[in-house]
$ cat target_28.cif   # mmCIF, C-alpha atoms
data_final
#
loop_
_atom_site.group_PDB
_atom_site.id
_atom_site.type_symbol
_atom_site.label_atom_id
_atom_site.label_comp_id
_atom_site.auth_asym_id
_atom_site.auth_seq_id
_atom_site.Cartn_x
_atom_site.Cartn_y
_atom_site.Cartn_z
ATOM 1 C CA MET B 1 -13.258 13.565 9.077
ATOM 2 C CA LYS B 2 -15.135 11.936 11.970
ATOM 3 C CA ASN B 3 -18.366 11.508 9.918
ATOM 4 C CA ASN B 4 -16.339 10.153 7.063
ATOM 5 C CA TYR B 5 -14.931 7.406 9.284
ATOM 6 C CA LYS B 6 -18.359 6.727 10.780
ATOM 7 C CA ASP B 7 -19.638 5.964 7.279
ATOM 8 C CA LEU B 8 -16.703 3.609 6.795
ATOM 9 C CA ASP B 9 -17.448 1.783 10.051
ATOM 10 C CA GLN B 10 -21.057 1.258 8.946
ATOM 11 C CA LEU B 11 -19.945 -0.053 5.562
ATOM 12 C CA LYS B 12 -17.459 -2.368 7.283
ATOM 13 C CA GLU B 13 -20.259 -3.863 9.428
ATOM 14 C CA LYS B 14 -22.338 -4.482 6.307
ATOM 15 C CA LEU B 15 -19.363 -5.994 4.512
ATOM 16 C CA ASN B 16 -18.559 -8.304 7.434
ATOM 17 C CA LEU B 17 -22.062 -9.799 7.279
ATOM 18 C CA LEU B 18 -21.717 -10.432 3.539
ATOM 19 C CA ARG B 19 -18.131 -11.661 3.857
ATOM 20 C CA GLN B 20 -19.237 -14.873 5.563
ATOM 21 C CA ASN B 21 -20.084 -16.130 2.072
ATOM 22 C CA GLN B 22 -16.951 -14.661 0.450
ATOM 23 C CA SER B 23 -15.475 -16.790 -2.287
ATOM 24 C CA GLU B 24 -11.726 -17.196 -2.640
ATOM 25 C CA LYS B 25 -12.127 -16.288 -6.318
ATOM 26 C CA VAL B 26 -13.459 -12.784 -5.513
ATOM 27 C CA ALA B 27 -10.644 -12.140 -3.020
ATOM 28 C CA LYS B 28 -8.049 -13.300 -5.577
ATOM 29 C CA ALA B 29 -9.471 -11.008 -8.270
ATOM 30 C CA PHE B 30 -9.179 -7.982 -5.957
ATOM 31 C CA ASP B 31 -5.624 -8.968 -4.972
ATOM 32 C CA ILE B 32 -4.571 -9.160 -8.638
ATOM 33 C CA GLU B 33 -6.201 -5.807 -9.343
ATOM 34 C CA TYR B 34 -4.334 -4.310 -6.369
ATOM 35 C CA THR B 35 -1.005 -5.658 -7.679
ATOM 36 C CA TYR B 36 -1.755 -4.330 -11.164
ATOM 37 C CA GLU B 37 -2.743 -0.827 -9.976
ATOM 38 C CA SER B 38 0.050 -0.469 -7.391
ATOM 39 C CA ASN B 39 2.694 -1.471 -9.955
ATOM 40 C CA LYS B 40 1.083 0.733 -12.616
ATOM 41 C CA ILE B 41 1.510 3.770 -10.331
ATOM 42 C CA GLU B 42 5.263 3.016 -10.437
ATOM 43 C CA GLY B 43 5.371 2.649 -14.234
ATOM 44 C CA ASN B 44 4.876 -1.107 -14.772
ATOM 45 C CA THR B 45 3.291 -1.622 -18.223
ATOM 46 C CA LEU B 46 1.664 -5.051 -17.714
ATOM 47 C CA THR B 47 -2.101 -4.916 -18.298
ATOM 48 C CA LEU B 48 -4.544 -6.299 -15.717
ATOM 49 C CA GLN B 49 -5.003 -9.463 -17.791
ATOM 50 C CA GLU B 50 -1.233 -9.889 -18.269
ATOM 51 C CA THR B 51 -0.685 -9.400 -14.522
ATOM 52 C CA ALA B 52 -3.230 -12.164 -13.836
ATOM 53 C CA LEU B 53 -1.527 -14.512 -16.334
ATOM 54 C CA VAL B 54 1.919 -13.896 -14.815
ATOM 55 C CA ILE B 55 0.705 -14.443 -11.230
ATOM 56 C CA GLU B 56 -1.782 -17.275 -11.724
ATOM 57 C CA LYS B 57 -0.342 -19.164 -14.695
ATOM 58 C CA GLY B 58 3.362 -18.279 -14.446
ATOM 59 C CA LEU B 59 3.333 -17.148 -18.075
ATOM 60 C CA THR B 60 5.931 -14.913 -19.702
ATOM 61 C CA ILE B 61 4.502 -11.959 -21.637
ATOM 62 C CA GLY B 62 6.342 -11.113 -24.865
ATOM 63 C CA GLY B 63 7.776 -7.612 -25.086
ATOM 64 C CA LYS B 64 7.715 -7.080 -21.308
ATOM 65 C CA SER B 65 10.878 -6.920 -19.186
ATOM 66 C CA LEU B 66 11.907 -9.518 -16.625
ATOM 67 C CA ASN B 67 11.640 -6.859 -13.901
ATOM 68 C CA GLU B 68 7.994 -6.173 -14.802
ATOM 69 C CA HIS B 69 7.234 -9.886 -14.412
ATOM 70 C CA LEU B 70 9.102 -10.002 -11.087
ATOM 71 C CA GLU B 71 7.273 -6.900 -9.834
ATOM 72 C CA ALA B 72 3.944 -8.686 -10.355
ATOM 73 C CA ILE B 73 5.081 -11.968 -8.756
ATOM 74 C CA ASN B 74 6.827 -10.217 -5.843
ATOM 75 C CA HIS B 75 3.834 -8.016 -5.098
ATOM 76 C CA ALA B 76 1.536 -11.053 -5.027
ATOM 77 C CA HIS B 77 3.903 -12.689 -2.489
ATOM 78 C CA ALA B 78 3.940 -9.477 -0.424
ATOM 79 C CA ILE B 79 0.106 -9.492 -0.314
ATOM 80 C CA GLU B 80 0.180 -13.076 1.000
ATOM 81 C CA TYR B 81 2.686 -11.990 3.629
ATOM 82 C CA ILE B 82 0.643 -8.994 4.871
ATOM 83 C CA LYS B 83 -2.455 -11.210 5.042
ATOM 84 C CA GLU B 84 -0.552 -13.658 7.266
ATOM 85 C CA LEU B 85 0.643 -10.785 9.467
ATOM 86 C CA ALA B 86 -2.862 -9.297 9.634
ATOM 87 C CA GLU B 87 -4.288 -12.525 11.048
ATOM 88 C CA LYS B 88 -1.910 -12.309 14.029
ATOM 89 C CA LYS B 89 -3.254 -8.833 14.901
ATOM 90 C CA GLN B 90 0.040 -7.923 16.592
ATOM 91 C CA ALA B 91 1.769 -4.541 16.537
ATOM 92 C CA ILE B 92 3.700 -4.085 13.289
ATOM 93 C CA THR B 93 7.478 -3.903 13.702
ATOM 94 C CA GLU B 94 10.359 -2.510 11.673
ATOM 95 C CA ARG B 95 11.327 -6.103 10.949
ATOM 96 C CA ASP B 96 7.903 -6.731 9.364
ATOM 97 C CA LEU B 97 8.301 -3.642 7.202
ATOM 98 C CA LEU B 98 11.797 -4.651 6.052
ATOM 99 C CA GLN B 99 10.456 -8.092 5.147
ATOM 100 C CA ILE B 100 7.688 -6.507 3.025
ATOM 101 C CA HIS B 101 10.314 -4.445 1.214
ATOM 102 C CA LYS B 102 12.558 -7.483 0.768
ATOM 103 C CA LEU B 103 9.726 -9.349 -0.945
ATOM 104 C CA ILE B 104 9.078 -6.373 -3.264
ATOM 105 C CA LEU B 105 12.679 -6.147 -4.537
ATOM 106 C CA GLN B 106 13.551 -9.867 -4.500
ATOM 107 C CA GLY B 107 15.422 -10.813 -7.672
ATOM 108 C CA ILE B 108 15.228 -7.207 -8.897
ATOM 109 C CA ASP B 109 17.737 -5.569 -6.548
ATOM 110 C CA ASN B 110 18.873 -8.140 -3.981
ATOM 111 C CA ALA B 111 21.611 -5.876 -2.592
ATOM 112 C CA ASN B 112 19.045 -3.272 -1.464
ATOM 113 C CA ALA B 113 16.075 -5.554 -0.732
ATOM 114 C CA GLY B 114 15.025 -5.190 2.902
ATOM 115 C CA THR B 115 17.675 -2.581 3.767
ATOM 116 C CA TYR B 116 17.549 1.176 4.270
ATOM 117 C CA ARG B 117 19.297 3.378 1.735
ATOM 118 C CA SER B 118 22.836 4.624 2.354
ATOM 119 C CA VAL B 119 22.723 7.360 -0.298
ATOM 120 C CA GLN B 120 20.734 10.545 -0.776
ATOM 121 C CA VAL B 121 17.777 10.300 -3.174
ATOM 122 C CA LEU B 122 15.618 12.779 -5.066
ATOM 123 C CA ILE B 123 12.039 12.057 -6.130
ATOM 124 C CA SER B 124 11.633 13.093 -9.756
ATOM 125 C CA GLY B 125 8.940 15.723 -10.240
ATOM 126 C CA ALA B 126 8.500 16.326 -6.500
ATOM 127 C CA LYS B 127 9.398 19.359 -4.373
ATOM 128 C CA HIS B 128 9.897 17.257 -1.249
ATOM 129 C CA ILE B 129 13.519 16.281 -0.533
ATOM 130 C CA PRO B 130 13.800 13.114 1.590
ATOM 131 C CA PRO B 131 16.091 13.146 4.650
ATOM 132 C CA GLN B 132 19.825 12.475 4.345
ATOM 133 C CA PRO B 133 20.716 8.758 4.592
ATOM 134 C CA TYR B 134 22.357 9.087 8.028
ATOM 135 C CA LEU B 135 18.978 10.288 9.406
ATOM 136 C CA VAL B 136 16.905 7.429 7.970
ATOM 137 C CA GLN B 137 17.406 4.889 10.792
ATOM 138 C CA LYS B 138 16.529 7.480 13.458
ATOM 139 C CA GLU B 139 13.455 8.683 11.544
ATOM 140 C CA MET B 140 12.277 5.087 11.098
ATOM 141 C CA GLU B 141 12.649 4.438 14.826
ATOM 142 C CA GLU B 142 10.624 7.601 15.509
ATOM 143 C CA LEU B 143 7.984 6.471 12.998
ATOM 144 C CA PHE B 144 7.455 3.218 14.889
ATOM 145 C CA ILE B 145 7.404 5.020 18.244
ATOM 146 C CA TRP B 146 4.644 7.254 16.794
ATOM 147 C CA TYR B 147 2.810 4.177 15.469
ATOM 148 C CA ASN B 148 2.879 2.408 18.840
ATOM 149 C CA GLU B 149 1.689 5.552 20.627
ATOM 150 C CA ASN B 150 -1.220 6.061 18.212
ATOM 151 C CA ARG B 151 -2.306 2.621 17.059
ATOM 152 C CA GLU B 152 -5.033 2.351 19.709
ATOM 153 C CA LYS B 153 -5.951 6.060 19.607
ATOM 154 C CA LEU B 154 -6.566 6.829 15.940
ATOM 155 C CA HIS B 155 -9.266 5.419 13.691
ATOM 156 C CA PRO B 156 -7.658 2.525 11.721
ATOM 157 C CA VAL B 157 -8.166 4.289 8.372
ATOM 158 C CA GLU B 158 -6.513 7.451 9.683
ATOM 159 C CA LEU B 159 -3.660 5.419 11.208
ATOM 160 C CA ALA B 160 -3.152 3.537 7.922
ATOM 161 C CA SER B 161 -3.155 6.799 5.908
ATOM 162 C CA GLU B 162 -0.728 8.490 8.304
ATOM 163 C CA MET B 163 1.717 5.571 8.232
ATOM 164 C CA HIS B 164 1.583 5.514 4.434
ATOM 165 C CA GLU B 165 2.290 9.254 4.193
ATOM 166 C CA ARG B 166 4.957 9.290 6.913
ATOM 167 C CA LEU B 167 6.838 6.307 5.441
ATOM 168 C CA VAL B 168 6.849 7.611 1.873
ATOM 169 C CA THR B 169 8.004 11.025 3.169
ATOM 170 C CA ILE B 170 11.032 9.434 4.891
ATOM 171 C CA HIS B 171 11.596 7.497 1.628
ATOM 172 C CA PRO B 172 13.863 5.029 3.456
ATOM 173 C CA PHE B 173 14.615 2.763 0.491
ATOM 174 C CA ILE B 174 16.480 3.152 -2.805
ATOM 175 C CA ASP B 175 13.419 1.783 -4.631
ATOM 176 C CA GLY B 176 10.002 0.356 -3.782
ATOM 177 C CA ASN B 177 8.956 3.095 -1.316
ATOM 178 C CA GLY B 178 5.507 3.610 -2.840
ATOM 179 C CA ARG B 179 4.598 -0.059 -3.027
ATOM 180 C CA THR B 180 5.939 -0.714 0.488
ATOM 181 C CA SER B 181 4.003 2.281 1.888
ATOM 182 C CA ARG B 182 0.767 1.092 0.278
ATOM 183 C CA LEU B 183 1.341 -2.456 1.582
ATOM 184 C CA LEU B 184 1.950 -1.088 5.093
ATOM 185 C CA MET B 185 -1.256 0.932 4.846
ATOM 186 C CA ASN B 186 -3.182 -2.133 3.706
ATOM 187 C CA LEU B 187 -1.692 -4.303 6.432
ATOM 188 C CA ILE B 188 -3.134 -1.871 9.013
ATOM 189 C CA LEU B 189 -6.507 -1.861 7.210
ATOM 190 C CA LEU B 190 -6.605 -5.679 7.072
ATOM 191 C CA GLN B 191 -5.680 -5.990 10.757
ATOM 192 C CA ASN B 192 -8.723 -3.867 11.573
ATOM 193 C CA GLY B 193 -11.239 -5.692 9.393
ATOM 194 C CA PHE B 194 -11.155 -3.362 6.391
ATOM 195 C CA PRO B 195 -10.441 -4.622 2.860
ATOM 196 C CA ILE B 196 -7.306 -3.726 0.910
ATOM 197 C CA ALA B 197 -7.608 -0.213 -0.532
ATOM 198 C CA ILE B 198 -6.782 -0.116 -4.234
ATOM 199 C CA LEU B 199 -5.290 3.201 -5.351
ATOM 200 C CA LYS B 200 -5.630 3.530 -9.127
ATOM 201 C CA GLY B 201 -2.644 3.822 -11.464
ATOM 202 C CA ASP B 202 -4.233 5.778 -14.340
ATOM 203 C CA THR B 203 -2.725 9.220 -15.031
ATOM 204 C CA GLU B 204 -5.502 11.287 -13.446
ATOM 205 C CA SER B 205 -5.678 9.196 -10.255
ATOM 206 C CA ARG B 206 -1.890 9.051 -9.974
ATOM 207 C CA LEU B 207 -1.543 12.838 -10.281
ATOM 208 C CA LYS B 208 -4.246 13.335 -7.644
ATOM 209 C CA TYR B 209 -2.465 10.874 -5.339
ATOM 210 C CA TYR B 210 0.958 12.493 -5.810
ATOM 211 C CA GLY B 211 -0.568 15.967 -5.451
ATOM 212 C CA ALA B 212 -2.201 15.050 -2.133
ATOM 213 C CA LEU B 213 1.085 13.528 -0.927
ATOM 214 C CA GLU B 214 3.030 16.642 -1.908
ATOM 215 C CA ASN B 215 0.506 18.811 -0.046
ATOM 216 C CA ALA B 216 1.178 16.779 3.094
ATOM 217 C CA GLN B 217 4.950 16.893 2.600
ATOM 218 C CA THR B 218 5.513 20.526 1.621
ATOM 219 C CA GLU B 219 2.455 22.425 2.905
ATOM 220 C CA SER B 220 1.946 20.425 6.134
ATOM 221 C CA ASN B 221 -1.652 19.906 5.003
ATOM 222 C CA LYS B 222 -2.556 16.234 5.382
ATOM 223 C CA LYS B 223 -6.316 16.601 4.902
ATOM 224 C CA PRO B 224 -6.367 16.044 1.095
ATOM 225 C CA PHE B 225 -4.340 12.845 1.513
ATOM 226 C CA LEU B 226 -6.379 11.554 4.469
ATOM 227 C CA ASP B 227 -9.590 12.314 2.525
ATOM 228 C CA LEU B 228 -8.247 10.593 -0.600
ATOM 229 C CA ILE B 229 -7.495 7.375 1.303
ATOM 230 C CA ALA B 230 -10.840 7.472 3.174
ATOM 231 C CA ASP B 231 -12.700 7.940 -0.136
ATOM 232 C CA ASN B 232 -10.706 5.105 -1.665
ATOM 233 C CA VAL B 233 -11.487 2.728 1.223
ATOM 234 C CA LYS B 234 -15.171 3.665 0.894
ATOM 235 C CA GLU B 235 -15.201 3.056 -2.883
ATOM 236 C CA THR B 236 -13.448 -0.305 -2.448
ATOM 237 C CA MET B 237 -15.963 -1.455 0.188
ATOM 238 C CA GLU B 238 -18.930 -0.313 -1.925
ATOM 239 C CA ARG B 239 -17.549 -2.258 -4.891
ATOM 240 C CA ILE B 240 -17.104 -5.447 -2.841
ATOM 241 C CA ILE B 241 -20.617 -5.100 -1.351
ATOM 242 C CA LYS B 242 -22.020 -4.700 -4.883
ATOM 243 C CA VAL B 243 -20.246 -7.916 -5.992
ATOM 244 C CA PHE B 244 -21.743 -9.863 -3.059
ATOM 245 C CA GLU B 245 -25.234 -8.423 -3.475
ATOM 246 C CA ASN B 246 -25.491 -9.217 -7.200
#
$ encode --input "target_28.cif" --output "structure tokens"
Amino acid sequence: MKNNYKDLDQLKEKLNLLRQNQSEKVAKAFDIEYTYESNKIEGNTLTLQETALVIEKGLTIGGKSLNEHLEAINHAHAIEYIKELAEKKQAITERDLLQIHKLILQGIDNANAGTYRSVQVLISGAKHIPPQPYLVQKEMEELFIWYNENREKLHPVELASEMHERLVTIHPFIDGNGRTSRLLMNLILLQNGFPIAILKGDTESRLKYYGALENAQTESNKKPFLDLIADNVKETMERIIKVFEN
């Protein structure tokens, strides 16, 4: 893993030099793609173009549900929020996380937006059973203790991957766990000068992602998941570099 992260650090240096000329338009295009892919993983059927029209033009797409529109708008707001947090470069708190989740479920499920679940949940198609609701608060406190102990020790990409996996394993919310976990991961990446990592929502990529997560959750083998995120960060940086160099 060490060499893998070394490659990422070198790419980050290259990207930082090119970023001085970064246009707002390029950043916006990547943000919309991130919203589209992250929502697609969770079953949202808006296309990339439709997602862009909903976010940028405020258009309503015929045949698509109100929730699908709100998921796109909410996710765009959540990206703005993590970018604001990233600029402060302060330790992330539980309050920050709850605010991210609140933005994700705003107008979709206001009663549960920004609050931990009080019922037991099962993840369809997964072997992993999340902890009982009465354990959630304690496990979340332990997660943030772990984060504060490791945030200066681990490589930022490893820290981001670990927090993503650990949060989604606790599954603290009724809904929006995946999107919130990916936003938390990307907040850590942004804080440390890396771009947002865009995990793809197509069937093959989604199955690979869920498979790597399940390996971490049920086999105590985190390597496939850590590798998947590292590869994704690398691919994202190479794509951005290519855009700037053309």
$ residues_around --input "target_28.cif" --residues "region 9-22 of chain B" --least-positions-apart "5" --cutoff "12 Å" --atoms "all atoms listed in the file" --output "VMD selection string"
chain B and resid 2 to 4 27 to 28 155 to 157 189 to 190 192 to 195 230 233 to 246
$ write_last_selection --input "target_28.cif" --atoms "C-alpha atoms" --output "CSV table (one decimal), in the frame of the given file"
chain,number,residue,atom,x,y,z
B,2,LYS,CA,-15.1,11.9,12.0
B,3,ASN,CA,-18.4,11.5,9.9
B,4,ASN,CA,-16.3,10.2,7.1
B,27,ALA,CA,-10.6,-12.1,-3.0
B,28,LYS,CA,-8.0,-13.3,-5.6
B,155,HIS,CA,-9.3,5.4,13.7
B,156,PRO,CA,-7.7,2.5,11.7
B,157,VAL,CA,-8.2,4.3,8.4
B,189,LEU,CA,-6.5,-1.9,7.2
B,190,LEU,CA,-6.6,-5.7,7.1
B,192,ASN,CA,-8.7,-3.9,11.6
B,193,GLY,CA,-11.2,-5.7,9.4
B,194,PHE,CA,-11.2,-3.4,6.4
B,195,PRO,CA,-10.4,-4.6,2.9
B,230,ALA,CA,-10.8,7.5,3.2
B,233,VAL,CA,-11.5,2.7,1.2
B,234,LYS,CA,-15.2,3.7,0.9
B,235,GLU,CA,-15.2,3.1,-2.9
B,236,THR,CA,-13.4,-0.3,-2.4
B,237,MET,CA,-16.0,-1.5,0.2
B,238,GLU,CA,-18.9,-0.3,-1.9
B,239,ARG,CA,-17.5,-2.3,-4.9
B,240,ILE,CA,-17.1,-5.4,-2.8
B,241,ILE,CA,-20.6,-5.1,-1.4
B,242,LYS,CA,-22.0,-4.7,-4.9
B,243,VAL,CA,-20.2,-7.9,-6.0
B,244,PHE,CA,-21.7,-9.9,-3.1
B,245,GLU,CA,-25.2,-8.4,-3.5
B,246,ASN,CA,-25.5,-9.2,-7.2
$ atom_distance --input "target_28.cif" --atom1 "CA of Glu84 (chain B)" --atom2 "CA of Asp31 (chain B)"
14.1 Å
$ residues_around --input "target_28.cif" --residues "Val168 (chain B)" --least-positions-apart "3" --cutoff "6 Å" --atoms "only C-alpha atoms" --output "PyMOL selection string"
chain B and resi 165+171+177
$ residues_near_point --input "target_28.cif" --point "(4.9, -14.5, -10.4)" --cutoff "9 Å" --atoms "only C-alpha atoms" --output "list in words"
Thr51, Leu53, Val54, Ile55, Glu56, Lys57, Gly58, Leu59, His69, Leu70, Glu71, Ala72, Ile73, Asn74, His75, Ala76 and His77 of chain B
$ atom_distance --input "target_28.cif" --atom1 "CA of Gln120 (chain B)" --atom2 "CA of Ala216 (chain B)"
20.9 Å
$ residues_around --input "target_28.cif" --residues "Arg117 (chain B)" --least-positions-apart "3" --cutoff "9 Å" --atoms "only C-alpha atoms" --output "count of residues only"
10
$ resolve_selection --input "target_28.cif" --expression "the PyMOL selection byres ((chain B and resi 99) around 12)" --output "JSON, numbers by chain"
{"B": [74, 77, 78, 79, 81, 82, 85, 92, 93, 94, 95, 96, 97, 98, 100, 101, 102, 103, 104, 105, 106, 112, 113, 114, 115, 116, 180, 183, 184]}
$ closest_residue --input "target_28.cif" --among "B:Ser38, B:Ile129, B:Leu46, B:Gly63" --to "Ser181 (chain B)" --atoms "all atoms listed in the file"
B:Ser38
$ axis_aligned_box --input "target_28.cif" --around "region 118-130 of chain B" --padding-each-side "6 Å" --output "JSON"
{"center_x": 15.7, "center_y": 12.0, "center_z": -3.9, "size_x": 26.3, "size_y": 26.7, "size_z": 24.6}
$ build_atoms --input "target_28.cif" --residues "region 1-29 of chain B" --atoms "N, CA and C atoms" --output "short mmCIF file (atom, residue, chain, number, x, y, z; two decimals), in the frame of the given file"
data_model
loop_
_atom_site.label_atom_id
_atom_site.label_comp_id
_atom_site.auth_asym_id
_atom_site.auth_seq_id
_atom_site.Cartn_x
_atom_site.Cartn_y
_atom_site.Cartn_z
N MET B 1 -13.80 14.91 9.28
CA MET B 1 -13.26 13.56 9.08
C MET B 1 -14.01 12.52 9.89
N LYS B 2 -14.48 12.91 11.08
CA LYS B 2 -15.14 11.94 11.97
C LYS B 2 -16.31 11.25 11.27
N ASN B 3 -17.20 12.08 10.60
CA ASN B 3 -18.37 11.51 9.92
C ASN B 3 -17.94 10.56 8.82
N ASN B 4 -16.88 10.97 8.14
CA ASN B 4 -16.34 10.15 7.06
C ASN B 4 -16.00 8.75 7.58
N TYR B 5 -15.33 8.70 8.72
CA TYR B 5 -14.93 7.41 9.28
C TYR B 5 -16.14 6.63 9.83
N LYS B 6 -17.14 7.38 10.28
CA LYS B 6 -18.36 6.73 10.78
C LYS B 6 -19.04 5.97 9.64
N ASP B 7 -19.07 6.61 8.48
CA ASP B 7 -19.64 5.96 7.28
C ASP B 7 -18.86 4.68 6.96
N LEU B 8 -17.55 4.76 7.10
CA LEU B 8 -16.70 3.61 6.80
C LEU B 8 -16.96 2.47 7.77
N ASP B 9 -17.16 2.82 9.04
CA ASP B 9 -17.45 1.78 10.05
C ASP B 9 -18.77 1.07 9.75
N GLN B 10 -19.75 1.85 9.29
CA GLN B 10 -21.06 1.26 8.95
C GLN B 10 -20.94 0.33 7.74
N LEU B 11 -20.17 0.78 6.75
CA LEU B 11 -19.94 -0.05 5.56
C LEU B 11 -19.20 -1.33 5.93
N LYS B 12 -18.24 -1.20 6.85
CA LYS B 12 -17.46 -2.37 7.28
C LYS B 12 -18.37 -3.41 7.94
N GLU B 13 -19.31 -2.94 8.77
CA GLU B 13 -20.26 -3.86 9.43
C GLU B 13 -21.08 -4.62 8.39
N LYS B 14 -21.54 -3.88 7.39
CA LYS B 14 -22.34 -4.48 6.31
C LYS B 14 -21.50 -5.50 5.54
N LEU B 15 -20.27 -5.12 5.26
CA LEU B 15 -19.36 -5.99 4.51
C LEU B 15 -19.05 -7.27 5.29
N ASN B 16 -18.87 -7.14 6.60
CA ASN B 16 -18.56 -8.30 7.43
C ASN B 16 -19.67 -9.34 7.42
N LEU B 17 -20.93 -8.88 7.35
CA LEU B 17 -22.06 -9.80 7.28
C LEU B 17 -22.05 -10.55 5.95
N LEU B 18 -21.74 -9.82 4.87
CA LEU B 18 -21.72 -10.43 3.54
C LEU B 18 -20.49 -11.32 3.34
N ARG B 19 -19.42 -10.97 4.03
CA ARG B 19 -18.13 -11.66 3.86
C ARG B 19 -18.18 -13.13 4.28
N GLN B 20 -19.16 -13.48 5.10
CA GLN B 20 -19.24 -14.87 5.56
C GLN B 20 -19.37 -15.83 4.38
N ASN B 21 -19.92 -15.29 3.27
CA ASN B 21 -20.08 -16.13 2.07
C ASN B 21 -19.03 -15.80 1.01
N GLN B 22 -17.96 -15.12 1.42
CA GLN B 22 -16.95 -14.66 0.45
C GLN B 22 -16.26 -15.84 -0.23
N SER B 23 -16.18 -15.74 -1.55
CA SER B 23 -15.48 -16.79 -2.29
C SER B 23 -14.01 -16.39 -2.44
N GLU B 24 -13.17 -17.41 -2.49
CA GLU B 24 -11.73 -17.20 -2.64
C GLU B 24 -11.44 -16.52 -3.98
N LYS B 25 -12.29 -16.82 -4.96
CA LYS B 25 -12.13 -16.29 -6.32
C LYS B 25 -12.26 -14.76 -6.33
N VAL B 26 -13.24 -14.24 -5.58
CA VAL B 26 -13.46 -12.78 -5.51
C VAL B 26 -12.26 -12.12 -4.86
N ALA B 27 -11.80 -12.69 -3.74
CA ALA B 27 -10.64 -12.14 -3.02
C ALA B 27 -9.42 -12.12 -3.92
N LYS B 28 -9.21 -13.19 -4.69
CA LYS B 28 -8.05 -13.30 -5.58
C LYS B 28 -8.10 -12.23 -6.67
N ALA B 29 -9.30 -12.01 -7.20
CA ALA B 29 -9.47 -11.01 -8.27
C ALA B 29 -9.11 -9.61 -7.77
#
